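K.L.:
Structure file coords_36.txt, compact mmCIF, C-alpha atoms, is pasted below:
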```txt
# COMPACT_ATOMS: atom_id res chain seq x y z
CA MET A 1 -13.00 -11.96 18.11
CA ASN A 2 -9.24 -11.68 18.43
CA LYS A 3 -8.21 -8.19 19.56
CA GLN A 4 -5.16 -7.98 17.29
CA TRP A 5 -7.17 -8.87 14.18
CA MET A 6 -9.82 -6.34 15.21
CA LYS A 7 -7.06 -3.70 15.01
CA VAL A 8 -6.30 -4.78 11.43
CA TYR A 9 -9.95 -4.45 10.38
CA ILE A 10 -10.28 -1.02 11.97
CA ALA A 11 -6.99 0.02 10.34
CA ALA A 12 -8.43 -0.98 6.96
CA LEU A 13 -11.57 1.04 7.65
CA PHE A 14 -9.48 4.15 8.39
CA GLU A 15 -7.42 3.40 5.29
CA VAL A 16 -10.56 3.59 3.13
CA LEU A 17 -11.59 6.80 4.92
CA TRP A 18 -8.29 8.58 4.22
CA VAL A 19 -8.28 7.42 0.60
CA ILE A 20 -11.76 8.95 0.22
CA GLY A 21 -10.50 12.06 2.00
CA LEU A 22 -7.45 12.41 -0.22
CA ALA A 23 -9.65 12.20 -3.32
CA HIS A 24 -12.57 14.32 -2.14
CA ALA A 25 -11.76 16.46 0.91
CA GLY A 26 -12.45 20.17 0.44
CA THR A 27 -12.92 21.84 3.80
CA PHE A 28 -10.44 22.21 6.65
CA LEU A 29 -12.36 19.74 8.81
CA GLU A 30 -12.39 17.12 6.07
CA TRP A 31 -8.63 17.48 5.65
CA LEU A 32 -8.12 17.23 9.39
CA GLY A 33 -10.18 14.03 9.44
CA THR A 34 -8.12 12.67 6.54
CA ILE A 35 -4.85 13.30 8.37
CA ILE A 36 -6.17 11.70 11.55
CA ALA A 37 -7.33 8.66 9.54
CA ILE A 38 -3.85 8.33 7.95
CA ILE A 39 -2.20 8.36 11.37
CA LEU A 40 -4.69 5.92 12.92
CA SER A 41 -4.59 3.39 10.08
CA ASN A 42 -0.77 3.30 10.09
CA TYR A 43 -0.56 3.17 13.86
CA LEU A 44 -3.03 0.27 14.14
CA LEU A 45 -1.39 -1.63 11.29
CA ILE A 46 2.13 -1.34 12.72
CA ASN A 47 0.87 -2.16 16.18
CA ALA A 48 -0.97 -5.31 15.07
CA SER A 49 2.06 -6.43 13.00
CA GLN A 50 4.04 -6.76 16.21
CA TYR A 51 1.76 -9.56 17.36
CA LEU A 52 0.68 -11.20 14.09
CA PRO A 53 2.65 -12.38 11.01
CA ALA A 54 3.41 -9.12 9.15
CA GLY A 55 2.79 -10.41 5.63
CA THR A 56 -0.60 -11.90 6.48
CA VAL A 57 -1.62 -8.73 8.30
CA TYR A 58 -0.64 -6.56 5.34
CA SER A 59 -2.46 -8.87 2.90
CA VAL A 60 -5.74 -8.67 4.79
CA PHE A 61 -5.30 -4.93 5.32
CA VAL A 62 -4.52 -4.06 1.72
CA GLY A 63 -7.23 -6.40 0.43
CA LEU A 64 -9.93 -4.80 2.56
CA GLY A 65 -8.52 -1.33 1.79
CA SER A 66 -8.53 -1.65 -1.99
CA ILE A 67 -11.89 -3.40 -2.19
CA GLY A 68 -13.33 -0.80 0.20
CA ALA A 69 -11.99 2.02 -1.97
CA VAL A 70 -13.42 0.51 -5.17
CA ILE A 71 -16.84 -0.19 -3.64
CA SER A 72 -17.04 3.30 -2.08
CA GLU A 73 -16.24 5.06 -5.32
CA ILE A 74 -18.99 3.12 -7.10
CA VAL A 75 -21.60 3.37 -4.31
CA PHE A 76 -20.94 6.91 -2.99
CA PHE A 77 -19.27 8.78 -5.82
CA GLY A 78 -21.05 7.52 -8.94
CA GLU A 79 -17.99 5.92 -10.56
CA PRO A 80 -19.28 3.51 -13.25
CA PHE A 81 -18.82 -0.23 -12.70
CA HIS A 82 -16.12 -1.26 -15.15
CA LEU A 83 -15.49 -5.01 -15.09
CA LEU A 84 -12.07 -5.05 -16.76
CA LYS A 85 -10.81 -2.29 -14.46
CA ILE A 86 -11.95 -4.21 -11.38
CA LEU A 87 -10.30 -7.38 -12.70
CA PHE A 88 -6.98 -5.52 -13.05
CA ILE A 89 -7.31 -4.14 -9.52
CA LEU A 90 -7.97 -7.68 -8.25
CA LEU A 91 -4.90 -8.84 -10.20
CA ILE A 92 -2.74 -6.26 -8.38
CA LEU A 93 -4.23 -7.50 -5.12
CA ALA A 94 -3.49 -11.12 -6.02
CA GLY A 95 0.14 -10.20 -6.73
CA VAL A 96 0.54 -8.19 -3.52
CA ILE A 97 -1.06 -10.89 -1.37
CA GLY A 98 0.97 -13.60 -3.12
CA LEU A 99 4.21 -11.72 -2.40
CA LYS A 100 3.34 -11.14 1.23
CA LEU A 101 2.27 -14.72 1.88
CA VAL A 102 5.34 -16.21 0.17
CA THR A 103 7.45 -13.90 2.32
CA ASP A 104 5.77 -15.03 5.57
CA GLU A 105 6.20 -18.65 4.54
CA GLU A 106 9.91 -18.19 3.92
CA LYS A 107 10.41 -16.39 7.19
CA LYS A 108 9.41 -19.52 9.02
CA ASP A 109 12.62 -21.07 7.67
CA VAL A 110 14.95 -18.11 7.62
CA ASN A 111 14.87 -16.02 10.73
CA LYS A 112 16.48 -12.96 9.21
CA GLU A 113 13.78 -10.44 8.64
CA TRP A 114 13.51 -7.20 6.78
CA HIS A 115 9.91 -6.83 5.76
CA GLY A 116 8.43 -4.55 8.39
CA GLU A 117 5.44 -2.87 6.84
CA ARG A 118 4.74 0.78 6.38
CA MET B 119 1.11 13.66 -15.80
CA ALA B 120 -1.23 12.05 -13.26
CA TRP B 121 0.25 8.61 -14.01
CA GLY B 122 3.78 9.93 -13.65
CA ALA B 123 2.87 11.41 -10.26
CA LEU B 124 1.21 8.15 -9.22
CA ILE B 125 4.24 6.03 -10.11
CA ILE B 126 6.62 8.38 -8.28
CA ALA B 127 4.24 8.29 -5.29
CA GLY B 128 4.50 4.48 -5.27
CA LEU B 129 8.30 4.63 -5.46
CA LEU B 130 8.39 7.10 -2.55
CA GLU B 131 6.30 4.63 -0.59
CA THR B 132 9.11 2.12 -1.13
CA LEU B 133 11.51 4.64 0.37
CA VAL B 134 9.19 4.98 3.38
CA VAL B 135 9.40 1.23 4.05
CA ALA B 136 13.17 1.18 3.48
CA ALA B 137 13.72 4.11 5.87
CA MET B 138 11.51 2.47 8.46
CA ASN B 139 13.61 -0.68 8.34
CA GLN B 140 16.81 1.35 8.59
CA TYR B 141 15.39 2.93 11.69
CA ALA B 142 14.45 -0.44 13.14
CA ALA B 143 18.02 -1.65 12.52
CA ARG B 144 19.72 1.27 14.28
CA SER B 145 17.79 4.20 15.70
CA SER B 146 19.15 7.47 14.36
CA TRP B 147 17.59 10.70 13.11
CA ARG B 148 18.39 10.28 9.42
CA PRO B 149 15.89 7.53 8.60
CA ILE B 150 13.20 9.52 10.43
CA VAL B 151 13.80 12.53 8.20
CA ILE B 152 13.77 10.40 5.03
CA PHE B 153 10.72 8.52 6.29
CA SER B 154 8.69 11.66 7.02
CA ALA B 155 9.68 13.52 3.85
CA SER B 156 8.94 10.59 1.55
CA PHE B 157 5.69 9.76 3.32
CA VAL B 158 4.35 13.30 2.97
CA GLY B 159 5.66 13.54 -0.61
CA SER B 160 4.05 10.25 -1.53
CA LEU B 161 0.63 11.26 -0.17
CA PHE B 162 0.89 14.67 -1.86
CA LEU B 163 1.55 13.05 -5.25
CA LEU B 164 -1.19 10.45 -4.67
CA GLN B 165 -3.62 13.27 -3.94
CA PHE B 166 -2.58 15.00 -7.16
CA ALA B 167 -3.02 11.79 -9.18
CA MET B 168 -6.49 11.24 -7.70
CA GLN B 169 -7.70 14.48 -9.26
CA THR B 170 -7.68 12.62 -12.59
CA ILE B 171 -7.43 8.90 -11.86
CA PRO B 172 -10.37 7.26 -9.99
CA MET B 173 -9.40 6.66 -6.35
CA GLY B 174 -9.82 2.87 -6.37
CA THR B 175 -7.47 2.53 -9.33
CA ALA B 176 -4.99 5.08 -7.96
CA TYR B 177 -4.88 3.40 -4.55
CA ALA B 178 -4.35 -0.10 -6.00
CA VAL B 179 -1.53 1.10 -8.29
CA TRP B 180 0.07 3.05 -5.43
CA THR B 181 0.15 0.05 -3.07
CA GLY B 182 1.17 -2.31 -5.90
CA ILE B 183 4.19 -0.22 -6.88
CA GLY B 184 5.12 0.34 -3.24
CA VAL B 185 5.12 -3.39 -2.52
CA VAL B 186 7.02 -4.28 -5.72
CA GLY B 187 9.63 -1.62 -4.92
CA GLY B 188 9.95 -2.85 -1.34
CA THR B 189 10.41 -6.43 -2.52
CA LEU B 190 13.06 -5.44 -5.07
CA VAL B 191 14.95 -3.43 -2.44
CA GLY B 192 14.83 -6.51 -0.20
CA MET B 193 16.13 -8.73 -3.00
CA PHE B 194 18.96 -6.44 -4.06
CA PHE B 195 20.09 -4.84 -0.80
CA TYR B 196 19.07 -7.27 1.92
CA LYS B 197 19.69 -10.58 0.13
CA GLU B 198 16.06 -11.65 0.39
CA SER B 199 15.03 -14.69 -1.60
CA ARG B 200 14.62 -14.40 -5.38
CA ASN B 201 12.29 -17.35 -5.40
CA TRP B 202 10.37 -17.71 -8.71
CA LYS B 203 7.02 -17.30 -6.92
CA ARG B 204 8.02 -13.84 -5.71
CA ILE B 205 9.27 -12.83 -9.16
CA MET B 206 6.05 -14.06 -10.75
CA CYS B 207 3.98 -11.97 -8.32
CA ILE B 208 6.04 -8.90 -9.25
CA PHE B 209 5.29 -9.48 -12.93
CA ILE B 210 1.57 -9.97 -12.23
CA ILE B 211 1.42 -6.64 -10.39
CA LEU B 212 3.31 -4.79 -13.12
CA LEU B 213 1.11 -6.35 -15.80
CA ALA B 214 -2.05 -5.23 -13.97
CA VAL B 215 -0.66 -1.70 -13.52
CA ILE B 216 0.06 -1.47 -17.26
CA GLY B 217 -3.44 -2.81 -17.99
CA LEU B 218 -5.02 -0.13 -15.80
CA LYS B 219 -2.89 2.57 -17.42
CA LEU B 220 -4.07 1.44 -20.88
CA LEU B 221 -7.70 1.41 -19.72
CA GLU B 222 -7.61 4.86 -18.12
CA GLY B 223 -5.59 6.32 -20.99
```
Here is the file; what I need is its structure written in the form of structure tokens.

P.N.:
Amino acid sequence: MNKQWMKVYIAALFEVLWVIGLAHAGTFLEWLGTIIAIILSNYLLINASQYLPAGTVYSVFVGLGSIGAVISEIVFFGEPFHLLKILFILLILAGVIGLKLVTDEEKKDVNKEWHGER
Amino acid sequence: MAWGALIIAGLLETLVVAAMNQYAARSSWRPIVIFSASFVGSLFLLQFAMQTIPMGTAYAVWTGIGVVGGTLVGMFFYKESRNWKRIMCIFIILLAVIGLKLLEG
């Protein structure tokens, strides 16, 4: 598997971990882990974006991150499965991914770029 | 209260991206200060919002608002395209955020 894409997947995994941490961390160690996960996910994402199209990278990242967060809260934290809620979350995802992909597409034509990701 | 914090957290995330791009354009200390302060502030508010709003919902709204804000900044300050597809995506995101707000109450 491509090394740069591997970075994106691991970044998404750390993204889910810090989201869980932000919502549930209680002890000092858990907070420390959360902070480390925040730094690692951002570092890996920015690093991979230097080699891959930024909008596509962000789309994959944010897609895996949000779906991971929703699945974890249902599986590990007893949040009820609410269909309409999940549909709205998927709608946000569709909008975000749409924006990012349209932006990548346009950048092929125009070489002026602004959209570095967080 | 939680929703207000969540929306401000998303807007701060926009500031993070904007500051990062400023820094990429010309390295100076000011964007770094703005970047760090808004990043920490954004996470702090997100954490607060997650005490009430389920984390999956909070995270999706936070990224959605951050991306919409970043796109609008690009359109208004950096002359990025105002292509109808991009504007439609912005509306879809905002619609979904409002839907989630109505569901969570």

K.L.:
Please identify every residue of chain A that has at least one atom no more than 8 Å from any atom of chain B, counting all atoms listed in the file, and report them as a list in words.

P.N.:
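So the contacting residues turn out to be Val19, Ile20, Leu22, Ala23, Val62, Ser66, Ile67, Ala69, Val70, Glu73, Glu79, Lys85, Phe88, Ile89, Leu91, Ile92, Leu93, Ala94, Gly95, Val96, Gly98, Leu99, Val102, Trp114, His115, Gly116, Glu117 and Arg118 of chain A.
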
K.L.:
Which polymer residues have any atom within 6 Å of an atom of segment 49-56 of chain A, counting only C-alpha atoms, with same-chain residues fewer than 4 positions away left out, as JSON, numbers by chain?

P.N.:
{"A": [100, 101, 104]}

K.L.:
How would the residues just chosen look if you wrote them out with C-alpha atoms as a CSV table (one decimal), keeping the file's coordinate frame?

P.N.:
```csv
chain,number,residue,atom,x,y,z
A,100,LYS,CA,3.3,-11.1,1.2
A,101,LEU,CA,2.3,-14.7,1.9
A,104,ASP,CA,5.8,-15.0,5.6
```

K.L.:
One decimal, in Å: what's the spacing between atom CA of Leu13 of chain A and atom CA of Gly68 of chain A?

P.N.:
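The value is 7.9 Å.
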
K.L.:
So how many Å separate atom CA of Ala123 of chain B and atom CA of Gly187 of chain B, to one decimal?

P.N.:
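Spanning atom CA of Ala123 of chain B to atom CA of Gly187 of chain B is a straight-line distance of 15.6 Å.
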
K.L.:
What does the structure give for the distance between atom CA of Met6 of chain A and atom CA of Val158 of chain B, in Å to one decimal?

P.N.:
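Separating atom CA of Met6 of chain A from atom CA of Val158 of chain B is a distance of 27.1 Å.
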
K.L.:
Just the residues within 8 Å of Trp180 of chain B, please, counting only C-alpha atoms, with nothing from its chain fewer than 6 positions along; format it as a list in words.

P.N.:
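Surrounding residues, per the criterion: Leu124, Ile125, Ala127, Gly128 and Leu164 of chain B.
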
K.L.:
Would you please work out which residue, of A:Thr34, A:Ser41, A:Thr27, A:Asn47, is nearest to Gln4 of chain A when using all atoms listed in the file?

P.N.:
A:Asn47
